[in-house]
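Text of my_file35.cif, listed as mmCIF, C-alpha atoms:
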```cif
data_data
#
loop_
_atom_site.group_PDB
_atom_site.id
_atom_site.type_symbol
_atom_site.label_atom_id
_atom_site.label_comp_id
_atom_site.auth_asym_id
_atom_site.auth_seq_id
_atom_site.Cartn_x
_atom_site.Cartn_y
_atom_site.Cartn_z
ATOM 1 C CA MET A 1 -2.616 -29.678 -10.351
ATOM 2 C CA ILE A 2 -3.241 -28.553 -13.917
ATOM 3 C CA ASP A 3 -6.822 -27.800 -14.830
ATOM 4 C CA LYS A 4 -7.507 -28.535 -18.499
ATOM 5 C CA ARG A 5 -11.023 -27.157 -18.578
ATOM 6 C CA PRO A 6 -11.522 -24.241 -21.016
ATOM 7 C CA VAL A 7 -11.962 -20.785 -19.552
ATOM 8 C CA ASN A 8 -14.787 -18.877 -21.158
ATOM 9 C CA LEU A 9 -13.472 -15.440 -20.267
ATOM 10 C CA ASP A 10 -10.950 -13.529 -22.343
ATOM 11 C CA ILE A 11 -10.703 -10.101 -20.751
ATOM 12 C CA GLY A 12 -8.738 -8.837 -23.776
ATOM 13 C CA THR A 13 -11.854 -8.986 -25.927
ATOM 14 C CA ILE A 14 -14.466 -7.444 -23.651
ATOM 15 C CA ARG A 15 -15.068 -3.809 -22.716
ATOM 16 C CA LEU A 16 -14.202 -3.484 -19.045
ATOM 17 C CA PRO A 17 -16.724 -1.774 -16.754
ATOM 18 C CA ILE A 18 -15.666 1.105 -14.460
ATOM 19 C CA THR A 19 -15.596 -1.306 -11.506
ATOM 20 C CA ALA A 20 -12.852 -3.289 -13.275
ATOM 21 C CA TYR A 21 -10.697 -0.185 -13.792
ATOM 22 C CA VAL A 22 -11.148 0.850 -10.160
ATOM 23 C CA SER A 23 -10.129 -2.662 -9.060
ATOM 24 C CA ILE A 24 -7.085 -2.821 -11.369
ATOM 25 C CA LEU A 25 -5.934 0.625 -10.207
ATOM 26 C CA HIS A 26 -6.298 -0.569 -6.606
ATOM 27 C CA ARG A 27 -3.864 -3.397 -7.412
ATOM 28 C CA VAL A 28 -1.468 -1.258 -9.447
ATOM 29 C CA SER A 29 -1.331 1.417 -6.724
ATOM 30 C CA GLY A 30 -0.789 -1.281 -4.089
ATOM 31 C CA VAL A 31 2.150 -2.865 -5.927
ATOM 32 C CA ALA A 32 3.651 0.596 -6.549
ATOM 33 C CA LEU A 33 3.323 1.432 -2.848
ATOM 34 C CA ILE A 34 5.363 -1.651 -1.878
ATOM 35 C CA GLY A 35 8.263 -0.065 -3.775
ATOM 36 C CA ALA A 36 7.512 3.438 -2.484
ATOM 37 C CA PHE A 37 7.597 2.144 1.098
ATOM 38 C CA GLY A 38 11.354 1.583 0.778
ATOM 39 C CA ILE A 39 11.862 5.229 -0.246
ATOM 40 C CA LEU A 40 9.708 6.411 2.676
ATOM 41 C CA LEU A 41 11.697 4.244 5.109
ATOM 42 C CA GLY A 42 14.923 5.757 3.731
ATOM 43 C CA LEU A 43 13.590 9.299 4.227
ATOM 44 C CA LEU A 44 12.461 8.439 7.776
ATOM 45 C CA ALA A 45 15.843 6.901 8.607
ATOM 46 C CA TYR A 46 17.786 9.986 7.478
ATOM 47 C CA SER A 47 15.299 12.468 8.977
ATOM 48 C CA LEU A 48 15.879 10.921 12.423
ATOM 49 C CA LYS A 49 19.675 10.482 12.203
ATOM 50 C CA SER A 50 20.890 14.005 13.019
ATOM 51 C CA ALA A 51 19.964 17.658 12.532
ATOM 52 C CA GLU A 52 22.253 17.793 9.459
ATOM 53 C CA ASP A 53 20.657 14.738 7.879
ATOM 54 C CA PHE A 54 17.211 16.155 8.713
ATOM 55 C CA ALA A 55 18.140 19.365 6.857
ATOM 56 C CA ALA A 56 19.431 17.284 3.928
ATOM 57 C CA VAL A 57 16.106 15.417 3.758
ATOM 58 C CA GLN A 58 14.240 18.750 3.838
ATOM 59 C CA ALA A 59 16.403 20.122 1.004
ATOM 60 C CA CYS A 60 15.934 16.896 -0.952
ATOM 61 C CA LEU A 61 12.130 17.054 -0.519
ATOM 62 C CA ALA A 62 12.146 20.695 -1.697
ATOM 63 C CA SER A 63 13.552 19.741 -5.117
ATOM 64 C CA LEU A 64 11.144 19.406 -8.043
ATOM 65 C CA PRO A 65 11.742 15.695 -8.848
ATOM 66 C CA MET A 66 11.213 14.730 -5.190
ATOM 67 C CA LYS A 67 8.074 16.877 -4.974
ATOM 68 C CA LEU A 68 6.716 15.091 -8.042
ATOM 69 C CA LEU A 69 7.664 11.719 -6.562
ATOM 70 C CA MET A 70 6.059 12.538 -3.200
ATOM 71 C CA TRP A 71 2.917 13.727 -4.986
ATOM 72 C CA ALA A 72 2.813 10.435 -6.912
ATOM 73 C CA VAL A 73 3.262 8.452 -3.674
ATOM 74 C CA LEU A 74 0.521 10.499 -1.964
ATOM 75 C CA ALA A 75 -1.730 9.983 -5.002
ATOM 76 C CA ALA A 76 -1.208 6.213 -4.801
ATOM 77 C CA VAL A 77 -1.877 6.209 -1.029
ATOM 78 C CA ILE A 78 -5.027 8.333 -1.384
ATOM 79 C CA TYR A 79 -6.415 6.208 -4.215
ATOM 80 C CA HIS A 80 -5.543 2.913 -2.508
ATOM 81 C CA LEU A 81 -7.048 4.148 0.778
ATOM 82 C CA LEU A 82 -10.334 5.196 -0.848
ATOM 83 C CA ALA A 83 -10.645 1.935 -2.804
ATOM 84 C CA GLY A 84 -9.951 0.094 0.484
ATOM 85 C CA ILE A 85 -12.632 2.079 2.338
ATOM 86 C CA LYS A 86 -15.040 1.144 -0.467
ATOM 87 C CA HIS A 87 -14.243 -2.535 0.231
ATOM 88 C CA LEU A 88 -14.975 -2.064 3.946
ATOM 89 C CA ILE A 89 -18.295 -0.375 3.134
ATOM 90 C CA MET A 90 -19.207 -3.165 0.714
ATOM 91 C CA ASP A 91 -18.236 -5.746 3.389
ATOM 92 C CA MET A 92 -21.021 -4.216 5.492
ATOM 93 C CA GLY A 93 -23.448 -5.045 2.705
ATOM 94 C CA ILE A 94 -23.745 -1.509 1.334
ATOM 95 C CA GLY A 95 -23.599 -0.973 -2.432
ATOM 96 C CA GLU A 96 -23.323 -4.648 -3.368
ATOM 97 C CA THR A 97 -25.731 -4.496 -6.317
ATOM 98 C CA LEU A 98 -24.491 -3.909 -9.889
ATOM 99 C CA GLU A 99 -25.719 -0.312 -9.773
ATOM 100 C CA GLY A 100 -24.324 0.203 -6.262
ATOM 101 C CA GLY A 101 -20.968 -1.183 -7.349
ATOM 102 C CA LYS A 102 -20.783 1.212 -10.288
ATOM 103 C CA ARG A 103 -21.803 4.141 -8.081
ATOM 104 C CA GLY A 104 -19.168 3.207 -5.475
ATOM 105 C CA ALA A 105 -16.459 2.909 -8.131
ATOM 106 C CA THR A 106 -17.364 6.304 -9.614
ATOM 107 C CA LEU A 107 -17.376 7.840 -6.137
ATOM 108 C CA VAL A 108 -13.879 6.437 -5.434
ATOM 109 C CA LEU A 109 -12.540 8.002 -8.656
ATOM 110 C CA VAL A 110 -14.174 11.400 -8.014
ATOM 111 C CA ILE A 111 -13.046 11.654 -4.367
ATOM 112 C CA ALA A 112 -9.558 10.419 -5.343
ATOM 113 C CA VAL A 113 -9.180 13.185 -7.947
ATOM 114 C CA VAL A 114 -10.194 15.812 -5.373
ATOM 115 C CA GLY A 115 -7.891 14.318 -2.737
ATOM 116 C CA ILE A 116 -4.943 14.053 -5.132
ATOM 117 C CA LEU A 117 -5.379 17.699 -6.186
ATOM 118 C CA LEU A 118 -5.476 18.735 -2.503
ATOM 119 C CA ALA A 119 -2.309 16.689 -1.909
ATOM 120 C CA GLY A 120 -0.667 18.563 -4.796
ATOM 121 C CA VAL A 121 -1.572 21.877 -3.148
ATOM 122 C CA TRP A 122 -0.073 20.600 0.125
ATOM 123 C CA VAL A 123 3.179 19.453 -1.525
ATOM 124 C CA TRP A 124 3.648 22.835 -3.297
ATOM 125 C CA MET B 1 -4.640 -23.888 -8.837
ATOM 126 C CA VAL B 2 -3.702 -21.723 -5.901
ATOM 127 C CA ARG B 3 -1.925 -23.434 -3.044
ATOM 128 C CA ALA B 4 -2.902 -22.182 0.387
ATOM 129 C CA VAL B 5 0.590 -22.963 1.712
ATOM 130 C CA THR B 6 1.749 -19.471 0.695
ATOM 131 C CA SER B 7 -1.261 -17.611 2.074
ATOM 132 C CA PHE B 8 -0.400 -15.392 5.053
ATOM 133 C CA GLY B 9 -2.780 -16.822 7.606
ATOM 134 C CA ARG B 10 -2.915 -20.269 5.930
ATOM 135 C CA SER B 11 -6.565 -19.609 5.100
ATOM 136 C CA GLY B 12 -8.462 -17.220 2.893
ATOM 137 C CA LEU B 13 -10.719 -16.186 5.753
ATOM 138 C CA SER B 14 -7.858 -15.147 8.036
ATOM 139 C CA ASP B 15 -6.067 -13.386 5.126
ATOM 140 C CA TRP B 16 -9.306 -11.481 4.531
ATOM 141 C CA LEU B 17 -9.434 -10.389 8.180
ATOM 142 C CA VAL B 18 -5.708 -9.526 8.415
ATOM 143 C CA GLN B 19 -6.009 -7.444 5.229
ATOM 144 C CA ARG B 20 -8.853 -5.396 6.718
ATOM 145 C CA VAL B 21 -7.435 -4.918 10.215
ATOM 146 C CA SER B 22 -3.990 -3.962 8.836
ATOM 147 C CA GLY B 23 -5.646 -1.631 6.313
ATOM 148 C CA VAL B 24 -7.505 0.216 9.073
ATOM 149 C CA ILE B 25 -4.280 0.550 11.121
ATOM 150 C CA ILE B 26 -2.369 1.947 8.115
ATOM 151 C CA ALA B 27 -5.236 4.358 7.372
ATOM 152 C CA ALA B 28 -5.203 5.584 10.992
ATOM 153 C CA TYR B 29 -1.432 6.110 10.797
ATOM 154 C CA PHE B 30 -1.724 7.980 7.467
ATOM 155 C CA PHE B 31 -4.354 10.359 8.885
ATOM 156 C CA PHE B 32 -2.294 10.858 12.056
ATOM 157 C CA ILE B 33 1.040 11.586 10.355
ATOM 158 C CA VAL B 34 -0.456 13.832 7.635
ATOM 159 C CA GLY B 35 -2.521 15.639 10.295
ATOM 160 C CA TRP B 36 0.588 16.084 12.450
ATOM 161 C CA LEU B 37 2.647 17.434 9.549
ATOM 162 C CA VAL B 38 -0.149 19.818 8.521
ATOM 163 C CA ALA B 39 -0.463 21.002 12.149
ATOM 164 C CA ASN B 40 3.325 21.480 12.421
ATOM 165 C CA PRO B 41 4.411 23.313 9.274
ATOM 166 C CA GLY B 42 8.153 23.998 9.075
ATOM 167 C CA VAL B 43 8.824 21.314 11.704
ATOM 168 C CA ASP B 44 12.412 21.252 13.055
ATOM 169 C CA PHE B 45 14.606 18.258 13.858
ATOM 170 C CA ALA B 46 14.173 18.446 17.642
ATOM 171 C CA THR B 47 10.349 18.357 17.417
ATOM 172 C CA TRP B 48 10.392 15.554 14.822
ATOM 173 C CA GLN B 49 12.858 13.509 16.885
ATOM 174 C CA ALA B 50 10.907 14.117 20.116
ATOM 175 C CA LEU B 51 7.737 12.770 18.462
ATOM 176 C CA HIS B 52 9.499 9.562 17.432
ATOM 177 C CA GLN B 53 11.152 9.163 20.854
ATOM 178 C CA LEU B 54 7.763 8.787 22.550
ATOM 179 C CA THR B 55 7.149 5.162 23.506
ATOM 180 C CA CYS B 56 3.554 5.327 22.253
ATOM 181 C CA MET B 57 4.842 6.603 18.884
ATOM 182 C CA LYS B 58 7.412 3.778 18.710
ATOM 183 C CA ILE B 59 4.616 1.276 19.293
ATOM 184 C CA PHE B 60 2.374 2.993 16.696
ATOM 185 C CA ASN B 61 5.289 2.987 14.211
ATOM 186 C CA THR B 62 5.997 -0.701 14.885
ATOM 187 C CA VAL B 63 2.368 -1.812 14.627
ATOM 188 C CA THR B 64 2.000 0.156 11.384
ATOM 189 C CA LEU B 65 5.242 -1.273 9.972
ATOM 190 C CA LEU B 66 4.084 -4.838 10.687
ATOM 191 C CA SER B 67 0.646 -4.008 9.227
ATOM 192 C CA VAL B 68 2.253 -2.696 6.024
ATOM 193 C CA VAL B 69 4.360 -5.847 5.654
ATOM 194 C CA ALA B 70 1.416 -8.210 6.247
ATOM 195 C CA HIS B 71 -0.881 -6.112 4.008
ATOM 196 C CA ALA B 72 1.750 -5.996 1.240
ATOM 197 C CA TRP B 73 2.286 -9.756 1.369
ATOM 198 C CA ILE B 74 -1.435 -10.617 1.134
ATOM 199 C CA GLY B 75 -1.820 -8.073 -1.681
ATOM 200 C CA ILE B 76 1.176 -9.224 -3.714
ATOM 201 C CA TRP B 77 0.194 -12.870 -3.177
ATOM 202 C CA ALA B 78 -3.290 -12.123 -4.564
ATOM 203 C CA VAL B 79 -1.831 -10.328 -7.586
ATOM 204 C CA LEU B 80 0.737 -13.070 -8.322
ATOM 205 C CA THR B 81 -1.749 -15.930 -7.949
ATOM 206 C CA ASP B 82 -4.125 -14.106 -10.320
ATOM 207 C CA TYR B 83 -1.699 -13.164 -13.105
ATOM 208 C CA VAL B 84 1.404 -15.350 -12.847
ATOM 209 C CA THR B 85 -0.518 -18.524 -13.587
ATOM 210 C CA VAL B 86 -0.134 -21.523 -15.884
ATOM 211 C CA ARG B 87 -3.291 -20.478 -17.737
ATOM 212 C CA LEU B 88 -1.937 -17.013 -18.566
ATOM 213 C CA LEU B 89 1.813 -17.594 -18.847
ATOM 214 C CA GLY B 90 2.260 -21.292 -19.583
ATOM 215 C CA PRO B 91 3.934 -24.181 -17.739
ATOM 216 C CA LYS B 92 6.823 -22.127 -16.314
ATOM 217 C CA ALA B 93 4.416 -19.842 -14.417
ATOM 218 C CA THR B 94 4.468 -21.827 -11.166
ATOM 219 C CA ALA B 95 8.261 -21.630 -10.877
ATOM 220 C CA LEU B 96 8.184 -17.945 -11.885
ATOM 221 C CA ARG B 97 5.515 -17.187 -9.291
ATOM 222 C CA LEU B 98 7.601 -18.874 -6.628
ATOM 223 C CA VAL B 99 10.606 -16.721 -7.611
ATOM 224 C CA PHE B 100 8.479 -13.542 -7.364
ATOM 225 C CA GLU B 101 7.037 -14.684 -4.041
ATOM 226 C CA ILE B 102 10.474 -15.361 -2.578
ATOM 227 C CA ALA B 103 11.731 -11.983 -3.871
ATOM 228 C CA ALA B 104 8.721 -10.262 -2.275
ATOM 229 C CA ILE B 105 9.296 -12.068 1.032
ATOM 230 C CA GLY B 106 12.978 -11.048 0.929
ATOM 231 C CA LEU B 107 12.085 -7.400 0.361
ATOM 232 C CA LEU B 108 9.456 -7.438 3.114
ATOM 233 C CA VAL B 109 11.878 -9.052 5.582
ATOM 234 C CA VAL B 110 14.386 -6.269 4.791
ATOM 235 C CA TYR B 111 11.640 -3.645 5.336
ATOM 236 C CA THR B 112 10.726 -5.252 8.676
ATOM 237 C CA LEU B 113 14.285 -5.398 10.061
ATOM 238 C CA TRP B 114 15.291 -1.987 8.670
ATOM 239 C CA GLY B 115 12.045 -0.403 9.898
ATOM 240 C CA LEU B 116 12.457 -1.850 13.399
ATOM 241 C CA ALA B 117 16.055 -0.575 13.501
ATOM 242 C CA ILE B 118 14.874 2.933 12.532
ATOM 243 C CA VAL B 119 11.915 3.020 14.920
ATOM 244 C CA TRP B 120 13.752 1.650 17.970
ATOM 245 C CA GLY B 121 17.057 3.405 17.238
ATOM 246 C CA VAL B 122 15.736 6.945 17.713
#
```

Any chance you could put this one into structure tokens?
Amino acid sequence: MIDKRPVNLDIGTIRLPITAYVSILHRVSGVALIGAFGILLGLLAYSLKSAEDFAAVQACLASLPMKLLMWAVLAAVIYHLLAGIKHLIMDMGIGETLEGGKRGATLVLVIAVVGILLAGVWVW
Amino acid sequence: MVRAVTSFGRSGLSDWLVQRVSGVIIAAYFFFIVGWLVANPGVDFATWQALHQLTCMKIFNTVTLLSVVAHAWIGIWAVLTDYVTVRLLGPKATALRLVFEIAAIGLLVVYTLWGLAIVWGV
């Protein structure tokens, strides 16, 4: 079914509010995590194969590129998790106003930055 | 126009519920596994293997794996039906979306079978 009615919303021409960025990042991080899940499954598979493979996974995770990758994956998980928790809180009717939505979005970004920095400390 | 035939639970309401329940399960697993790794720094193979040999851990791994697959499908479906549309990409969008959806389903089926083989092969 093709709808011929005009759409009076061209998001390329309007300044997006913080809530829009938080929502888009939630989607981007989610799509990225679908790909990352394959890498995590691969690491799990090798880590459980044998003591030698476990040591190989440990050595692999100790290298700089893998540390950066794992930090990026953790960052995506942390962000996606916080944005998801915000949804659950809003489902309970908390922070549903325009102001509440903006406050929630800001809170997600602030807590995510703190969490991602802590994850970086943990990885290194 | 979005066709409900490709929605996970065949209705928006059940997709909404599945997305939340699976999200909570994945969150619980994330906190558990990160907590475990923080509590066991310098973990060796025997300890790691023993954890994953526990039946309760195999069930937790399986439930989380299935939650990830369901969660990923509902998420990717929402993204594709929002952006790969006739309005944004023109008349070929419906066919293109179907190709992306089938590719996503293929990947998620591989994740499911591979994940089950890992979890139950320990």

- Task: Apply the PyMOL selection byres ((chain B) within 6 of (chain A)) to the file shown and report the selected residues as JSON, numbers by chain.
- Result: {"B": [45, 49, 118]}

- Note on the structure: The residue from A:Ala36, A:Glu99, A:Leu25, A:Ile89 with the smallest atom-to-atom distance to Ala112 of chain A, counting only C-alpha atoms, is A:Leu25

- Reference answer for the PyMOL selection byres ((chain B and resi 20) around 10), as a list in words: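 Evaluating the PyMOL selection byres ((chain B and resi 20) around 10) on this file yields Gly84, Ile85, His87, Leu88 and Asp91 of chain A; Ser14, Asp15, Trp16, Leu17, Val18, Gln19, Val21, Ser22, Gly23, Val24, Ile25, Ile26, Ser67 and His71 of chain B.
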
How would the residues just picked look written out with C-alpha atoms as a compact mmCIF listing (two decimals), in the frame of the given file?
```txt
# COMPACT_ATOMS: atom_id res chain seq x y z
CA GLY A 84 -9.95 0.09 0.48
CA ILE A 85 -12.63 2.08 2.34
CA HIS A 87 -14.24 -2.54 0.23
CA LEU A 88 -14.98 -2.06 3.95
CA ASP A 91 -18.24 -5.75 3.39
CA SER B 14 -7.86 -15.15 8.04
CA ASP B 15 -6.07 -13.39 5.13
CA TRP B 16 -9.31 -11.48 4.53
CA LEU B 17 -9.43 -10.39 8.18
CA VAL B 18 -5.71 -9.53 8.41
CA GLN B 19 -6.01 -7.44 5.23
CA VAL B 21 -7.44 -4.92 10.22
CA SER B 22 -3.99 -3.96 8.84
CA GLY B 23 -5.65 -1.63 6.31
CA VAL B 24 -7.50 0.22 9.07
CA ILE B 25 -4.28 0.55 11.12
CA ILE B 26 -2.37 1.95 8.12
CA SER B 67 0.65 -4.01 9.23
CA HIS B 71 -0.88 -6.11 4.01
```

- Calculate how many Å separate atom CA of Thr94 of chain B from atom CA of Val68 of chain B, rounding to one decimal.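 Separation of atom CA of Thr94 of chain B and atom CA of Val68 of chain B: 25.8 Å.
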
Would you write out, as an mmCIF file with C-alpha atoms, in the frame of the given file, every residue that the PyMOL selection byres ((chain B and resi 93) around 12) captures in this file?
```cif
data_model
loop_
_atom_site.group_PDB
_atom_site.id
_atom_site.type_symbol
_atom_site.label_atom_id
_atom_site.label_comp_id
_atom_site.auth_asym_id
_atom_site.auth_seq_id
_atom_site.Cartn_x
_atom_site.Cartn_y
_atom_site.Cartn_z
ATOM 1 C CA ILE A 2 -3.241 -28.553 -13.917
ATOM 2 C CA MET B 1 -4.640 -23.888 -8.837
ATOM 3 C CA VAL B 2 -3.702 -21.723 -5.901
ATOM 4 C CA LEU B 80 0.737 -13.070 -8.322
ATOM 5 C CA THR B 81 -1.749 -15.930 -7.949
ATOM 6 C CA ASP B 82 -4.125 -14.106 -10.320
ATOM 7 C CA TYR B 83 -1.699 -13.164 -13.105
ATOM 8 C CA VAL B 84 1.404 -15.350 -12.847
ATOM 9 C CA THR B 85 -0.518 -18.524 -13.587
ATOM 10 C CA VAL B 86 -0.134 -21.523 -15.884
ATOM 11 C CA ARG B 87 -3.291 -20.478 -17.737
ATOM 12 C CA LEU B 88 -1.937 -17.013 -18.566
ATOM 13 C CA LEU B 89 1.813 -17.594 -18.847
ATOM 14 C CA GLY B 90 2.260 -21.292 -19.583
ATOM 15 C CA PRO B 91 3.934 -24.181 -17.739
ATOM 16 C CA LYS B 92 6.823 -22.127 -16.314
ATOM 17 C CA THR B 94 4.468 -21.827 -11.166
ATOM 18 C CA ALA B 95 8.261 -21.630 -10.877
ATOM 19 C CA LEU B 96 8.184 -17.945 -11.885
ATOM 20 C CA ARG B 97 5.515 -17.187 -9.291
ATOM 21 C CA LEU B 98 7.601 -18.874 -6.628
ATOM 22 C CA VAL B 99 10.606 -16.721 -7.611
ATOM 23 C CA PHE B 100 8.479 -13.542 -7.364
ATOM 24 C CA GLU B 101 7.037 -14.684 -4.041
#
```

- Task: One decimal, Å: what's the distance from atom CA of Thr97 of chain A over to atom CA of Arg15 of chain A, could you say?
- Result: 19.6 Å

- Task: For atom CA of Val43 of chain B and atom CA of Leu66 of chain B, determine how far apart the two atoms are, in Å to one decimal place.
- Result: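 Calculated distance between atom CA of Val43 of chain B and atom CA of Leu66 of chain B is 26.6 Å.
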
Please identify all polymer residues lying at most 12 Å from the point (7.3, 11.9, -7.4) (file coordinates), using only C-alpha atoms, and present the result as a short mmCIF file (atom, residue, chain, number, x, y, z; two decimals) with C-alpha atoms, keeping the file's coordinate frame.
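Okay, part_25.cif is ready:
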```cif
data_model
loop_
_atom_site.label_atom_id
_atom_site.label_comp_id
_atom_site.auth_asym_id
_atom_site.auth_seq_id
_atom_site.Cartn_x
_atom_site.Cartn_y
_atom_site.Cartn_z
CA ALA A 32 3.65 0.60 -6.55
CA ALA A 36 7.51 3.44 -2.48
CA ILE A 39 11.86 5.23 -0.25
CA LEU A 40 9.71 6.41 2.68
CA CYS A 60 15.93 16.90 -0.95
CA LEU A 61 12.13 17.05 -0.52
CA ALA A 62 12.15 20.70 -1.70
CA SER A 63 13.55 19.74 -5.12
CA LEU A 64 11.14 19.41 -8.04
CA PRO A 65 11.74 15.70 -8.85
CA MET A 66 11.21 14.73 -5.19
CA LYS A 67 8.07 16.88 -4.97
CA LEU A 68 6.72 15.09 -8.04
CA LEU A 69 7.66 11.72 -6.56
CA MET A 70 6.06 12.54 -3.20
CA TRP A 71 2.92 13.73 -4.99
CA ALA A 72 2.81 10.44 -6.91
CA VAL A 73 3.26 8.45 -3.67
CA LEU A 74 0.52 10.50 -1.96
CA ALA A 75 -1.73 9.98 -5.00
CA ALA A 76 -1.21 6.21 -4.80
CA GLY A 120 -0.67 18.56 -4.80
CA VAL A 123 3.18 19.45 -1.52
#
```

Exercise: Gly115 of chain B partners within 9 Å, only C-alpha atoms, chain neighbours under 2 positions left out, as a PDB file with C-alpha atoms, in the frame of the given file:
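Below you can see selection_26.pdb, which holds the result:
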```
ATOM      1  CA  LEU A  41      11.697   4.244   5.109  1.00  0.00           C
ATOM      2  CA  ALA A  45      15.843   6.901   8.607  1.00  0.00           C
TER       3      ALA A  45
ATOM      4  CA  ASN B  61       5.289   2.987  14.211  1.00  0.00           C
ATOM      5  CA  THR B  62       5.997  -0.701  14.885  1.00  0.00           C
ATOM      6  CA  LEU B  65       5.242  -1.273   9.972  1.00  0.00           C
ATOM      7  CA  VAL B 110      14.386  -6.269   4.791  1.00  0.00           C
ATOM      8  CA  TYR B 111      11.640  -3.645   5.336  1.00  0.00           C
ATOM      9  CA  THR B 112      10.726  -5.252   8.676  1.00  0.00           C
ATOM     10  CA  LEU B 113      14.285  -5.398  10.061  1.00  0.00           C
ATOM     11  CA  ALA B 117      16.055  -0.575  13.501  1.00  0.00           C
ATOM     12  CA  ILE B 118      14.874   2.933  12.532  1.00  0.00           C
ATOM     13  CA  VAL B 119      11.915   3.020  14.920  1.00  0.00           C
ATOM     14  CA  TRP B 120      13.752   1.650  17.970  1.00  0.00           C
TER      15      TRP B 120
END
```

Edge lengths and centre in Å to one decimal, as lines of an AutoDock Vina configuration file, is what I'm after for the box along x, y and z that holds all listed atoms of segment 38-53 of chain B once 4 Å is added on each side.
```
center_x = 7.1
center_y = 16.6
center_z = 14.7
size_x = 23.1
size_y = 22.8
size_z = 20.3
```
